[in-house]
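With compact mmCIF, C-alpha atoms and all ligand atoms inside, this is start01.txt:
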```txt
# COMPACT_ATOMS: atom_id res chain seq x y z
CA MET A 1 34.17 -55.66 -80.91
CA MET A 2 32.00 -54.81 -78.00
CA MET A 3 34.90 -54.32 -75.70
CA SER A 4 35.62 -57.00 -73.20
CA ASP A 5 38.75 -57.85 -71.37
CA ARG A 6 39.75 -60.85 -73.39
CA GLU A 7 39.60 -58.88 -76.60
CA SER A 8 41.38 -55.66 -75.84
CA PRO A 9 44.86 -56.02 -77.25
CA LYS A 10 47.47 -56.50 -74.63
CA LYS A 11 49.96 -53.77 -74.01
CA PRO A 12 53.09 -54.30 -76.08
CA THR A 13 55.66 -56.19 -74.13
CA LEU A 14 59.37 -55.43 -74.26
CA ASN A 15 59.78 -58.25 -76.71
CA ASN A 16 57.20 -56.74 -79.02
CA LYS A 17 58.78 -53.31 -78.87
CA LYS A 18 61.95 -54.86 -80.20
CA LYS A 19 59.97 -56.42 -83.01
CA LYS A 20 58.52 -53.06 -83.97
CA LYS A 21 61.93 -51.53 -84.37
CA LYS A 22 63.07 -54.40 -86.52
CA ARG A 23 60.29 -53.84 -89.03
CA GLY A 24 62.27 -50.90 -90.34
CA GLY A 25 59.42 -49.21 -92.20
CA ALA A 26 59.34 -48.02 -95.77
CA LYS A 27 63.05 -47.78 -96.45
CA ARG A 28 63.74 -51.48 -96.16
CA LYS A 29 64.55 -53.29 -99.38
CA MET A 30 61.99 -55.70 -100.67
CA THR A 31 62.42 -59.21 -101.95
CA LEU A 32 61.29 -59.94 -105.48
CA GLU A 33 58.14 -61.58 -104.14
CA GLN A 34 57.32 -58.55 -102.01
CA THR A 35 57.97 -56.24 -104.94
CA VAL A 36 55.48 -58.09 -107.13
CA ALA A 37 52.90 -58.02 -104.32
CA TYR A 38 53.53 -54.34 -103.61
CA LYS A 39 53.09 -53.35 -107.24
CA ALA A 40 49.84 -55.32 -107.56
CA VAL A 41 48.41 -53.91 -104.34
CA ASN A 42 49.49 -50.39 -105.25
CA GLU A 43 47.87 -50.69 -108.65
CA TRP A 44 44.57 -51.62 -107.01
CA VAL A 45 44.85 -48.82 -104.44
CA SER A 46 45.48 -46.33 -107.25
CA LEU A 47 42.49 -47.39 -109.39
CA ASP A 48 40.28 -44.49 -108.41
CA GLN A 49 43.10 -42.03 -107.90
CA SER A 50 44.34 -41.74 -111.45
CA ASN A 51 45.03 -38.01 -111.11
CA SER A 52 47.00 -38.19 -107.89
CA ALA A 53 49.96 -40.50 -108.23
CA CYS A 54 49.33 -42.72 -105.28
CA VAL A 55 52.39 -44.26 -103.80
CA ASP A 56 55.63 -43.87 -105.61
CA ALA A 57 58.50 -46.23 -105.62
CA PHE A 58 61.78 -46.40 -107.40
CA LEU A 59 64.40 -48.86 -108.41
CA ASP A 60 67.72 -48.63 -106.72
CA ASP A 61 71.02 -50.48 -106.73
CA ASP A 62 71.80 -52.37 -103.58
CA ASP A 63 75.29 -52.78 -102.15
CA PHE A 64 76.06 -55.53 -104.65
CA GLY A 65 74.86 -53.61 -107.68
CA VAL A 66 71.61 -55.58 -107.92
CA GLN A 67 68.49 -53.60 -108.65
CA CYS A 68 65.91 -53.64 -105.90
CA TYR A 69 62.66 -51.94 -105.12
CA ARG A 70 62.27 -49.29 -102.45
CA PRO A 71 58.81 -47.90 -101.96
CA LYS A 72 58.81 -44.26 -100.88
CA GLU A 73 55.78 -44.80 -98.75
CA LYS A 74 54.24 -47.72 -96.90
CA LEU A 75 50.86 -48.94 -98.07
CA VAL A 76 49.05 -48.96 -94.75
CA PHE A 77 45.82 -50.96 -94.63
CA GLU A 78 43.41 -50.86 -91.70
CA PHE A 79 41.10 -53.88 -91.83
CA HIS A 80 39.07 -53.49 -88.63
CA CYS A 81 37.64 -50.39 -86.93
CA HIS A 82 34.46 -48.87 -85.51
CA THR A 83 32.60 -45.56 -85.46
CA THR A 84 29.64 -43.99 -83.64
CA CYS A 85 27.42 -45.99 -86.02
CA SER A 86 28.07 -48.87 -83.64
CA ASP A 87 30.07 -48.60 -80.42
CA GLY A 88 32.99 -46.43 -81.56
CA PHE A 89 33.61 -42.94 -80.22
CA LEU A 90 34.44 -41.15 -83.50
CA SER A 91 32.09 -40.34 -86.35
CA PRO A 92 32.98 -41.92 -89.71
CA THR A 93 34.40 -38.55 -90.84
CA LYS A 94 36.54 -38.16 -87.72
CA LEU A 95 37.74 -41.75 -87.98
CA VAL A 96 38.82 -41.26 -91.60
CA GLU A 97 40.59 -38.01 -90.66
CA ARG A 98 42.51 -39.77 -87.92
CA ALA A 99 43.34 -42.70 -90.17
CA HIS A 100 44.68 -40.29 -92.77
CA GLN A 101 46.87 -38.60 -90.14
CA LYS A 102 48.22 -42.03 -89.25
CA GLY A 103 49.15 -42.73 -92.85
CA VAL A 104 46.36 -45.20 -93.65
CA LYS A 105 45.74 -45.57 -97.40
CA VAL A 106 42.94 -48.15 -97.33
CA LEU A 107 40.43 -48.41 -94.53
CA ALA A 108 37.86 -51.16 -94.10
CA LEU A 109 35.03 -49.81 -91.98
CA THR A 110 33.65 -52.70 -89.92
CA ASP A 111 30.98 -51.44 -87.54
CA HIS A 112 28.96 -53.99 -85.61
CA ASP A 113 25.97 -55.29 -87.55
CA THR A 114 25.56 -52.17 -89.69
CA MET A 115 27.05 -50.58 -92.80
CA SER A 116 25.37 -47.22 -92.17
CA GLY A 117 28.68 -45.40 -91.69
CA VAL A 118 30.10 -46.34 -95.08
CA PRO A 119 28.68 -43.50 -97.25
CA GLU A 120 29.96 -40.83 -94.83
CA ALA A 121 33.36 -42.53 -94.60
CA MET A 122 33.60 -42.70 -98.40
CA GLU A 123 32.78 -39.02 -98.67
CA ALA A 124 35.49 -38.13 -96.14
CA ALA A 125 38.00 -40.52 -97.72
CA ARG A 126 37.67 -38.80 -101.10
CA ARG A 127 39.13 -35.63 -99.60
CA PHE A 128 42.30 -37.48 -98.62
CA GLY A 129 42.63 -39.80 -101.61
CA MET A 130 41.99 -42.73 -99.30
CA LYS A 131 40.10 -45.87 -100.24
CA ILE A 132 37.28 -47.37 -98.17
CA ILE A 133 36.41 -51.07 -98.19
CA PRO A 134 32.75 -51.32 -97.14
CA GLY A 135 32.65 -53.83 -94.33
CA VAL A 136 30.72 -55.01 -91.32
CA GLU A 137 31.50 -57.06 -88.22
CA ILE A 138 28.65 -59.49 -87.70
CA SER A 139 27.75 -60.82 -84.24
CA THR A 140 27.04 -64.53 -84.36
CA ILE A 141 26.78 -67.55 -82.09
CA PHE A 142 28.74 -70.74 -82.52
CA TYR A 143 27.29 -73.94 -81.11
CA SER A 144 30.00 -76.45 -80.44
CA ARG A 145 27.73 -79.42 -81.26
CA GLY A 146 25.17 -78.81 -83.97
CA ASP A 147 22.48 -76.38 -82.86
CA SER A 148 22.71 -77.36 -79.22
CA GLY A 149 25.60 -77.78 -76.85
CA PRO A 150 27.79 -75.08 -75.39
CA GLU A 151 27.65 -71.84 -77.32
CA GLU A 152 30.05 -68.97 -77.70
CA PRO A 153 29.83 -65.56 -79.35
CA VAL A 154 31.84 -65.27 -82.57
CA HIS A 155 32.42 -62.10 -84.60
CA ILE A 156 32.80 -62.42 -88.35
CA LEU A 157 34.10 -59.61 -90.56
CA ALA A 158 32.69 -59.20 -94.06
CA TYR A 159 34.43 -57.16 -96.75
CA TYR A 160 32.56 -55.97 -99.85
CA SER A 161 33.32 -54.21 -103.12
CA SER A 162 32.94 -50.43 -103.49
CA CYS A 163 29.50 -51.19 -104.92
CA GLY A 164 28.53 -53.03 -101.75
CA PRO A 165 26.82 -56.38 -101.24
CA THR A 166 24.55 -58.07 -103.75
CA LYS A 167 21.11 -58.99 -102.42
CA SER A 168 21.61 -56.07 -100.08
CA GLY A 169 17.96 -56.30 -98.99
CA ALA A 170 18.59 -59.77 -97.59
CA LEU A 171 21.77 -58.66 -95.84
CA GLU A 172 20.04 -55.55 -94.43
CA LYS A 173 17.23 -57.70 -93.04
CA PHE A 174 19.78 -60.10 -91.52
CA LEU A 175 21.68 -57.24 -89.86
CA GLY A 176 18.45 -55.49 -88.84
CA ASP A 177 17.31 -58.59 -86.97
CA ILE A 178 20.61 -58.72 -85.09
CA ARG A 179 20.29 -55.04 -84.17
CA ASP A 180 16.71 -55.58 -82.93
CA GLY A 181 18.04 -58.46 -80.86
CA ARG A 182 20.68 -56.16 -79.42
CA PHE A 183 18.04 -53.69 -78.22
CA LEU A 184 16.28 -56.51 -76.43
CA ARG A 185 19.52 -57.84 -75.04
CA ALA A 186 20.60 -54.39 -73.77
CA LYS A 187 17.24 -54.09 -72.02
CA ASN A 188 17.80 -57.48 -70.38
CA ILE A 189 21.25 -56.43 -69.21
CA VAL A 190 19.88 -53.19 -67.74
CA SER A 191 17.15 -55.08 -65.88
CA LYS A 192 19.74 -57.54 -64.54
CA LEU A 193 21.85 -54.60 -63.33
CA ASN A 194 18.81 -53.13 -61.62
CA LYS A 195 18.26 -56.44 -59.83
CA LEU A 196 21.92 -56.37 -58.79
CA LYS A 197 21.22 -52.97 -57.18
CA LEU A 198 23.24 -51.18 -59.84
CA PRO A 199 20.48 -49.06 -61.37
CA VAL A 200 21.15 -47.72 -64.85
CA LYS A 201 18.57 -45.66 -66.71
CA TRP A 202 17.54 -47.03 -70.12
CA GLU A 203 17.34 -43.45 -71.46
CA ASN A 204 20.99 -42.93 -70.56
CA VAL A 205 22.04 -46.07 -72.40
CA THR A 206 20.20 -45.08 -75.58
CA LYS A 207 21.48 -41.51 -75.29
CA ILE A 208 25.08 -42.76 -75.05
CA ALA A 209 24.53 -45.14 -77.98
CA GLY A 210 23.17 -42.30 -80.09
CA LYS A 211 20.11 -42.01 -82.28
CA GLY A 212 19.26 -45.21 -84.10
CA VAL A 213 22.34 -47.07 -82.83
CA ALA A 214 21.69 -50.51 -81.32
CA PRO A 215 23.16 -50.34 -77.79
CA GLY A 216 26.00 -52.69 -76.96
CA ARG A 217 27.75 -53.66 -73.76
CA LEU A 218 30.22 -50.81 -74.15
CA HIS A 219 27.37 -48.28 -74.09
CA ILE A 220 25.97 -49.89 -70.93
CA ALA A 221 29.44 -49.88 -69.36
CA ARG A 222 29.63 -46.15 -70.04
CA ALA A 223 26.23 -45.63 -68.39
CA MET A 224 27.48 -47.64 -65.39
CA LEU A 225 30.56 -45.44 -65.18
CA GLU A 226 28.42 -42.29 -65.36
CA ALA A 227 26.18 -43.65 -62.59
CA GLY A 228 29.27 -44.23 -60.44
CA HIS A 229 28.84 -48.00 -60.18
CA VAL A 230 32.34 -48.72 -61.50
CA GLU A 231 35.65 -46.89 -61.60
CA ASN A 232 36.32 -47.58 -65.27
CA LEU A 233 34.96 -49.41 -68.31
CA LYS A 234 37.27 -52.33 -67.80
CA GLN A 235 35.86 -52.92 -64.34
CA ALA A 236 32.31 -52.92 -65.71
CA PHE A 237 33.27 -55.78 -68.00
CA ALA A 238 35.47 -57.65 -65.55
CA ARG A 239 32.81 -57.66 -62.82
CA TYR A 240 29.42 -57.69 -64.52
CA LEU A 241 29.27 -57.65 -68.31
CA TYR A 242 31.73 -60.35 -69.38
CA ASP A 243 30.39 -63.33 -71.38
CA GLY A 244 28.38 -65.35 -68.90
CA GLY A 245 28.82 -62.65 -66.21
CA PRO A 246 26.14 -61.71 -63.63
CA ALA A 247 24.61 -59.07 -65.92
CA TYR A 248 25.31 -60.80 -69.23
CA SER A 249 22.55 -61.60 -71.65
CA THR A 250 22.57 -63.07 -75.13
CA GLY A 251 20.79 -61.43 -78.03
CA SER A 252 19.33 -63.16 -81.06
CA GLU A 253 22.49 -63.60 -83.04
CA PRO A 254 22.53 -65.86 -86.07
CA VAL A 255 24.48 -69.10 -86.23
CA ALA A 256 28.10 -68.51 -87.25
CA GLU A 257 28.08 -70.95 -90.20
CA GLU A 258 24.89 -69.43 -91.64
CA THR A 259 26.49 -66.02 -91.46
CA VAL A 260 29.55 -67.16 -93.40
CA LYS A 261 27.22 -68.61 -96.05
CA LEU A 262 25.28 -65.34 -96.25
CA ILE A 263 28.50 -63.38 -96.69
CA HIS A 264 29.32 -65.73 -99.57
CA GLU A 265 25.93 -65.26 -101.18
CA THR A 266 26.13 -61.49 -100.92
CA GLY A 267 29.55 -61.14 -102.55
CA GLY A 268 31.68 -60.61 -99.47
CA VAL A 269 34.93 -61.97 -98.07
CA ALA A 270 34.42 -63.61 -94.65
CA VAL A 271 37.15 -63.29 -92.03
CA LEU A 272 37.02 -64.53 -88.44
CA ALA A 273 37.63 -61.64 -86.03
CA HIS A 274 39.96 -61.84 -82.99
CA PRO A 275 40.24 -65.65 -82.69
CA TRP A 276 42.32 -65.08 -79.54
CA ALA A 277 39.06 -64.17 -77.80
CA LEU A 278 37.62 -67.63 -78.45
CA LYS A 279 37.61 -70.54 -76.07
CA ASN A 280 37.79 -73.06 -78.86
CA PRO A 281 39.38 -71.41 -81.91
CA ALA A 282 40.58 -74.62 -83.60
CA ALA A 283 37.10 -76.18 -83.76
CA ILE A 284 35.49 -72.91 -84.80
CA ILE A 285 37.98 -72.28 -87.60
CA ARG A 286 37.58 -75.84 -88.87
CA ARG A 287 33.78 -75.66 -88.95
CA LEU A 288 33.68 -72.16 -90.42
CA LYS A 289 36.18 -73.14 -93.11
CA ASP A 290 33.73 -75.88 -94.15
CA ALA A 291 31.04 -73.19 -94.40
CA GLY A 292 33.28 -71.10 -96.68
CA LEU A 293 35.34 -68.87 -94.39
CA HIS A 294 38.10 -67.04 -96.32
CA GLY A 295 40.44 -65.89 -93.58
CA VAL A 296 41.22 -65.22 -89.93
CA GLU A 297 42.70 -62.32 -88.06
CA ALA A 298 46.24 -63.25 -87.09
CA TYR A 299 47.92 -59.84 -86.76
CA ARG A 300 47.49 -57.19 -84.09
CA SER A 301 49.33 -53.99 -83.36
CA ASP A 302 51.66 -56.01 -81.12
CA GLY A 303 52.64 -58.15 -84.07
CA LYS A 304 51.96 -61.50 -85.62
CA LEU A 305 50.28 -64.21 -83.55
CA SER A 306 51.95 -67.43 -84.64
CA ALA A 307 49.31 -69.74 -83.18
CA TYR A 308 46.59 -68.24 -85.41
CA CYS A 309 48.89 -68.03 -88.42
CA ASP A 310 49.51 -71.77 -88.01
CA LEU A 311 45.78 -72.46 -87.71
CA ALA A 312 45.13 -70.36 -90.81
CA ASP A 313 47.86 -72.16 -92.75
CA ALA A 314 46.52 -75.53 -91.70
CA HIS A 315 43.16 -74.64 -93.28
CA ASP A 316 44.53 -72.65 -96.21
CA LEU A 317 43.00 -69.39 -94.97
CA LEU A 318 44.03 -65.76 -95.43
CA LYS A 319 45.90 -64.16 -92.54
CA LEU A 320 44.77 -60.60 -91.87
CA GLY A 321 44.32 -58.33 -88.91
CA GLY A 322 43.44 -54.83 -87.82
CA SER A 323 43.45 -52.55 -84.83
CA ASP A 324 39.75 -52.98 -83.85
CA TYR A 325 40.04 -49.27 -83.10
CA HIS A 326 37.06 -47.75 -81.26
CA GLY A 327 38.47 -44.29 -80.55
CA ARG A 328 38.23 -44.78 -76.78
CA GLY A 329 41.54 -43.09 -76.24
CA GLY A 330 43.90 -44.14 -73.51
CA GLN A 331 47.07 -46.15 -73.49
CA GLN A 332 45.46 -49.55 -73.74
CA GLU A 333 43.97 -48.98 -77.14
CA SER A 334 45.78 -49.76 -80.39
CA ASP A 335 45.57 -46.81 -82.72
CA VAL A 336 43.96 -46.91 -86.13
CA GLY A 337 46.53 -48.07 -88.69
CA SER A 338 48.81 -49.56 -86.05
CA THR A 339 48.55 -53.15 -87.26
CA SER A 340 51.15 -54.03 -89.82
CA VAL A 341 49.77 -56.66 -92.18
CA PRO A 342 52.56 -57.76 -94.57
CA VAL A 343 52.09 -56.72 -98.18
CA LEU A 344 52.21 -60.41 -99.22
CA ASN A 345 49.13 -61.06 -97.09
CA VAL A 346 47.32 -58.01 -98.46
CA HIS A 347 48.09 -59.25 -101.97
CA GLU A 348 46.70 -62.70 -101.14
CA PHE A 349 43.58 -61.03 -99.76
CA LEU A 350 43.05 -59.04 -102.95
CA LYS A 351 43.63 -62.14 -105.08
CA VAL A 352 40.72 -63.78 -103.25
CA ALA A 353 38.55 -60.68 -102.91
CA ARG A 354 38.75 -59.12 -106.36
CA PRO A 355 37.08 -61.94 -108.36
CA ILE A 356 34.36 -62.13 -105.70
CA TRP A 357 33.81 -58.37 -105.84
CA CYS A 358 33.92 -58.36 -109.63
CA ASN A 359 31.12 -60.95 -109.74
CA ALA A 360 29.13 -59.00 -107.15
CA ILE A 361 29.35 -55.86 -109.29
CA LEU A 362 28.26 -57.86 -112.34
CA ASP A 363 25.25 -59.17 -110.41
CA ILE A 364 24.23 -55.71 -109.27
CA LEU A 365 24.53 -54.32 -112.81
CA LYS A 366 22.51 -57.21 -114.24
CA ASN A 367 19.79 -56.36 -111.74
CA TYR A 368 19.78 -52.78 -112.92
CA ILE A 369 19.47 -53.90 -116.53
CA LYS A 370 16.49 -56.05 -115.61
CA ASP A 371 14.88 -53.11 -113.87
CA PRO A 372 16.55 -49.78 -114.79
CA SER A 373 14.71 -47.81 -112.13
CA ASP A 374 16.14 -44.84 -110.27
CA SER A 375 16.14 -46.80 -107.04
CA ASN A 376 18.24 -49.53 -108.64
CA LEU A 377 20.63 -46.90 -109.96
CA GLN A 378 20.85 -45.46 -106.46
CA HIS A 379 21.70 -48.96 -105.26
CA ILE A 380 24.77 -49.02 -107.49
CA ILE A 381 26.11 -45.75 -106.10
CA LYS A 382 24.73 -46.00 -102.59
CA PHE A 383 28.19 -45.87 -101.04
CA GLY A 384 29.22 -42.87 -103.08
CA LYS A 385 30.21 -42.09 -106.58
CA THR A 386 33.95 -42.34 -105.91
CA LYS A 387 35.93 -39.87 -107.98
CA VAL A 388 32.94 -38.87 -110.09
CA SER A 389 31.37 -36.48 -107.65
CA LYS A 390 34.67 -34.81 -106.86
CA THR A 391 34.33 -32.67 -109.95
CA ASN A 392 30.57 -32.36 -109.54
CA SER A 393 30.26 -32.88 -113.23
CA PRO A 394 26.73 -33.58 -114.39
CA PHE A 395 26.26 -37.07 -115.77
CA GLY A 396 24.88 -37.34 -119.24
CA SER A 397 23.25 -40.68 -118.56
CA PRO A 398 23.16 -43.61 -116.16
CA SER A 399 25.44 -45.51 -118.49
CA GLU A 400 28.06 -42.77 -118.30
CA LEU A 401 27.78 -42.69 -114.54
CA ILE A 402 28.12 -46.46 -114.27
CA ASN A 403 31.04 -46.53 -116.67
CA GLN A 404 32.86 -43.94 -114.57
CA CYS A 405 32.20 -45.94 -111.43
CA LEU A 406 33.43 -49.13 -113.07
CA SER A 407 36.70 -47.59 -114.14
CA SER A 408 37.39 -46.60 -110.56
CA TRP A 409 36.32 -49.93 -109.07
CA LEU A 410 37.84 -52.42 -111.47
CA SER A 411 41.03 -52.68 -113.45
CA LYS A 412 40.96 -52.73 -117.23
CA GLU A 413 41.61 -56.47 -117.24
CA GLU A 414 38.69 -57.06 -114.91
CA ARG A 415 36.40 -55.00 -117.13
CA ASP A 416 37.67 -56.58 -120.34
CA ASN A 417 35.41 -59.56 -120.53
CA ALA A 418 32.39 -60.50 -122.56
CA GLU A 419 29.95 -60.09 -119.69
CA PHE A 420 30.92 -56.49 -119.04
CA GLU A 421 30.83 -55.79 -122.79
CA THR A 422 27.25 -57.06 -122.96
CA ILE A 423 26.32 -55.00 -119.93
CA LYS A 424 27.82 -51.87 -121.45
CA LEU A 425 25.81 -52.37 -124.64
CA GLU A 426 22.65 -52.88 -122.61
CA LEU A 427 23.36 -49.76 -120.59
CA THR A 428 23.81 -47.67 -123.73
CA ARG A 429 20.52 -49.03 -125.02
CA ILE A 430 18.77 -48.19 -121.75
CA SER A 431 20.22 -44.67 -121.69
CA ALA A 432 19.10 -44.06 -125.26
CA ALA A 433 15.60 -45.29 -124.45
CA GLN A 434 15.47 -43.08 -121.37
CA ALA A 435 16.67 -40.04 -123.31
CA GLU A 436 13.98 -40.64 -125.90
CA LEU A 437 11.38 -40.92 -123.19
CA ALA A 438 12.57 -37.67 -121.64
CA VAL A 439 12.27 -35.85 -124.99
CA SER A 440 8.80 -37.21 -125.74
CA ASN A 441 7.64 -36.12 -122.27
ZN ZN B 1 35.55 -54.99 -83.78
ZN ZN B 2 34.58 -58.01 -82.27
```
Spit out the file's structure as structure tokens when you get a sec.
Amino acid sequence: MMMSDRESPKKPTLNNKKKKKKRGGAKRKMTLEQTVAYKAVNEWVSLDQSNSACVDAFLDDDDFGVQCYRPKEKLVFEFHCHTTCSDGFLSPTKLVERAHQKGVKVLALTDHDTMSGVPEAMEAARRFGMKIIPGVEISTIFYSRGDSGPEEPVHILAYYSSCGPTKSGALEKFLGDIRDGRFLRAKNIVSKLNKLKLPVKWENVTKIAGKGVAPGRLHIARAMLEAGHVENLKQAFARYLYDGGPAYSTGSEPVAEETVKLIHETGGVAVLAHPWALKNPAAIIRRLKDAGLHGVEAYRSDGKLSAYCDLADAHDLLKLGGSDYHGRGGQQESDVGSTSVPVLNVHEFLKVARPIWCNAILDILKNYIKDPSDSNLQHIIKFGKTKVSKTNSPFGSPSELINQCLSSWLSKEERDNAEFETIKLELTRISAAQAELAVSN
């Protein structure tokens, strides 16, 4: 999130501290339901880590002689965080390193309106045996009555398969337009600040944002701090930059419902970010559910937020959550990996996500078969070759490369269907044809 007051997680209260202690961590015994979920999630996490036993667990007798499951390690998921590719302070590599230190096993990278940090994060994650879910947090606008009426900014998280979105050109264009709008919007904010006699240099804003990064409010707040107009970032938001504030400006964000539909069409899972920041969460969740929303954030590092869990349950939506870590440092910020999403919820998420991702991968492969060009092959492995490149082994053929990728992305059951069999045959045929061509050249 572009930081604003309403969104920064509140400091844990005494009550919440108690809750944290009660969670008890990895040693606690699991119910049968949790055990089933844990095993399924663990199996997915371990798909591309066949050589390094991922998370071990063992059966144990409880006090009454009944066997129960005790995982040796917690499966920590981080579903929401940012890097220097948007308004975070850490590079994708540094973020992954920190997440690893904090025990995170699976990290969804969700920069604002860009997926440009994913390849670097994947590369770094390989070193630690971590898994990256390619994601993005999309800035949208919700109009409370049709396309007119009061509007409010809404952030929607999209989670994709390791192979990324289908129709990635369309998604890239969509995100590119938002980023262009953000440049314009940042310029408007800077000119408003100048009129308010709080001069901020445009060059400073773009320098803080970094090369090629669309500037957000947080970057402008940092420029204001550097110029001595405010004492801290919080003050910049509370006085000038808040939604509707004296220096606020809207960009050219897409309509929230359209965005959910696009996430659907591109093979992603759509989750509403920080509903606690919304003025009208009930109406927004209802309308977005109609557009195909899959879930809402309902967990933060200070625990579960019952109001949003209830809203999610009422609309049969997934309940997720993440730290929204930006790497700002300081006591107010929740650390990466600090949000504890129950394993049952993670399992529900994967039950929804995996068929969607499986279809997306099928689509991308079918595209390659239609046009087996190098650029289409690059598209398949644009986020990294997962375990394949670890050994640096040369690939005999595209079909071998794709087969290796598939075995690290999908389980055997997912791959065991007629469509994948046909694709494999086609791939072998294409590789043979290409080899022949290479010889005759
Ligand atoms: Zn965020
Ligand atoms: Zn956000």
Please check which protein, DNA or RNA residues sit within 10 Å of ligand ZN 1 (chain B), counting only C-alpha atoms and all ligand atoms, and write them as a PyMOL selection string. chain A and resi 1-3+7-8+79-82+86-88+109-112+136-139+155-157+273-274+322-326
Do you know which residues are at most 12 Å from Tyr368 in chain A counting all atoms listed in the file, after dropping those on the same chain fewer than 6 positions away, and could you put them as a ChimeraX atom specification? /A:166,361-362,374-381,398-399,402,423-424,426-427,430-431
Residue subset to file, keeping C-alpha atoms, as a CSV table (one decimal), keeping the file's coordinate frame:
```
chain,number,residue,atom,x,y,z
A,166,THR,CA,24.6,-58.1,-103.8
A,361,ILE,CA,29.4,-55.9,-109.3
A,362,LEU,CA,28.3,-57.9,-112.3
A,374,ASP,CA,16.1,-44.8,-110.3
A,375,SER,CA,16.1,-46.8,-107.0
A,376,ASN,CA,18.2,-49.5,-108.6
A,377,LEU,CA,20.6,-46.9,-110.0
A,378,GLN,CA,20.8,-45.5,-106.5
A,379,HIS,CA,21.7,-49.0,-105.3
A,380,ILE,CA,24.8,-49.0,-107.5
A,381,ILE,CA,26.1,-45.8,-106.1
A,398,PRO,CA,23.2,-43.6,-116.2
A,399,SER,CA,25.4,-45.5,-118.5
A,402,ILE,CA,28.1,-46.5,-114.3
A,423,ILE,CA,26.3,-55.0,-119.9
A,424,LYS,CA,27.8,-51.9,-121.4
A,426,GLU,CA,22.6,-52.9,-122.6
A,427,LEU,CA,23.4,-49.8,-120.6
A,430,ILE,CA,18.8,-48.2,-121.8
A,431,SER,CA,20.2,-44.7,-121.7
```
Please list as a ChimeraX atom specification every residue within 12 Å of range 403-406 of chain A, counting only C-alpha atoms and excluding residues in the same chain fewer than 5 positions away. /A:47-48,161-163,357-358,361-362,364-365,377,380-389,393,395-398,411-416,420-421,423-425,427-428
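CA of Val76 in chain A is positioned 21.3 Å from CA of Leu317 in chain A.
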Per residue of range 258-311 of chain A within 8 Å of range 329-345 of chain A, note the shortest atom pair and the distance in Å to one decimal, counting all atoms listed in the file, and order the rows by chain and increasing residue number, as JSON lines.
```
{"residue": "A:Tyr299", "atom": "CA", "partner": "A:Val341", "partner_atom": "CA", "distance": 6.6}
{"residue": "A:Arg300", "atom": "CA", "partner": "A:Thr339", "partner_atom": "CA", "distance": 5.2}
{"residue": "A:Ser301", "atom": "CA", "partner": "A:Thr339", "partner_atom": "CA", "distance": 4.1}
{"residue": "A:Asp302", "atom": "CA", "partner": "A:Thr339", "partner_atom": "CA", "distance": 7.5}
{"residue": "A:Gly303", "atom": "CA", "partner": "A:Thr339", "partner_atom": "CA", "distance": 7.2}
```
Generate the output file for the selected residues, C-alpha atoms, as a PDB file, keeping the file's coordinate frame.
```
ATOM      1  CA  TYR A 299      47.920 -59.840 -86.760  1.00  0.00           C
ATOM      2  CA  ARG A 300      47.490 -57.190 -84.090  1.00  0.00           C
ATOM      3  CA  SER A 301      49.330 -53.990 -83.360  1.00  0.00           C
ATOM      4  CA  ASP A 302      51.660 -56.010 -81.120  1.00  0.00           C
ATOM      5  CA  GLY A 303      52.640 -58.150 -84.070  1.00  0.00           C
TER       6      GLY A 303
END
```
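Atom to atom, CA of Val255 in chain A and CA of Ile141 in chain A stand 5.0 Å apart.
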Report, in Å to a single decimal, how far apart CA of Leu288 in chain A and CA of Val260 in chain A are. 7.1 Å
If I wrap all listed atoms of range 252-267 of chain A in a box with edges along x, y and z and add 8 Å on each side, what are its centre and edge lengths in Å to one decimal, as JSON?
```
{"center_x": 24.4, "center_y": -66.0, "center_z": -91.8, "size_x": 26.2, "size_y": 25.8, "size_z": 37.5}
```
12 Å contact set for Leu233 in chain A, only C-alpha atoms, chain neighbours under 5 positions out, as a ChimeraX atom specification: /A:2-5,8,217-228,238-242,328,330,332
Is there a way to get, as a ChimeraX atom specification, all residues within 10 Å of the point (42.3, -62.1, -94.4) in file coordinates, counting only C-alpha atoms? /A:79,157,159,269-273,293-299,312,317-322,341,345-350,352-353
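If you measure from each of A:Ala125, A:Ala40, A:Ile208, A:Pro275 to ligand ZN 2 (chain B) using all atoms listed in the file, the closest one turns out to be A:Pro275.
Distances from A:Leu75, A:Ala170, A:Ile356, A:Leu278 to ligand ZN 2 (chain B) were compared using only C-alpha atoms and all ligand atoms, and the smallest one belongs to A:Leu278.
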With distances taken over all atoms listed in the file, the candidate from A:Ala314, A:Ala99, A:Ala186, A:Ala158 nearest ligand ZN 2 (chain B) is A:Ala158
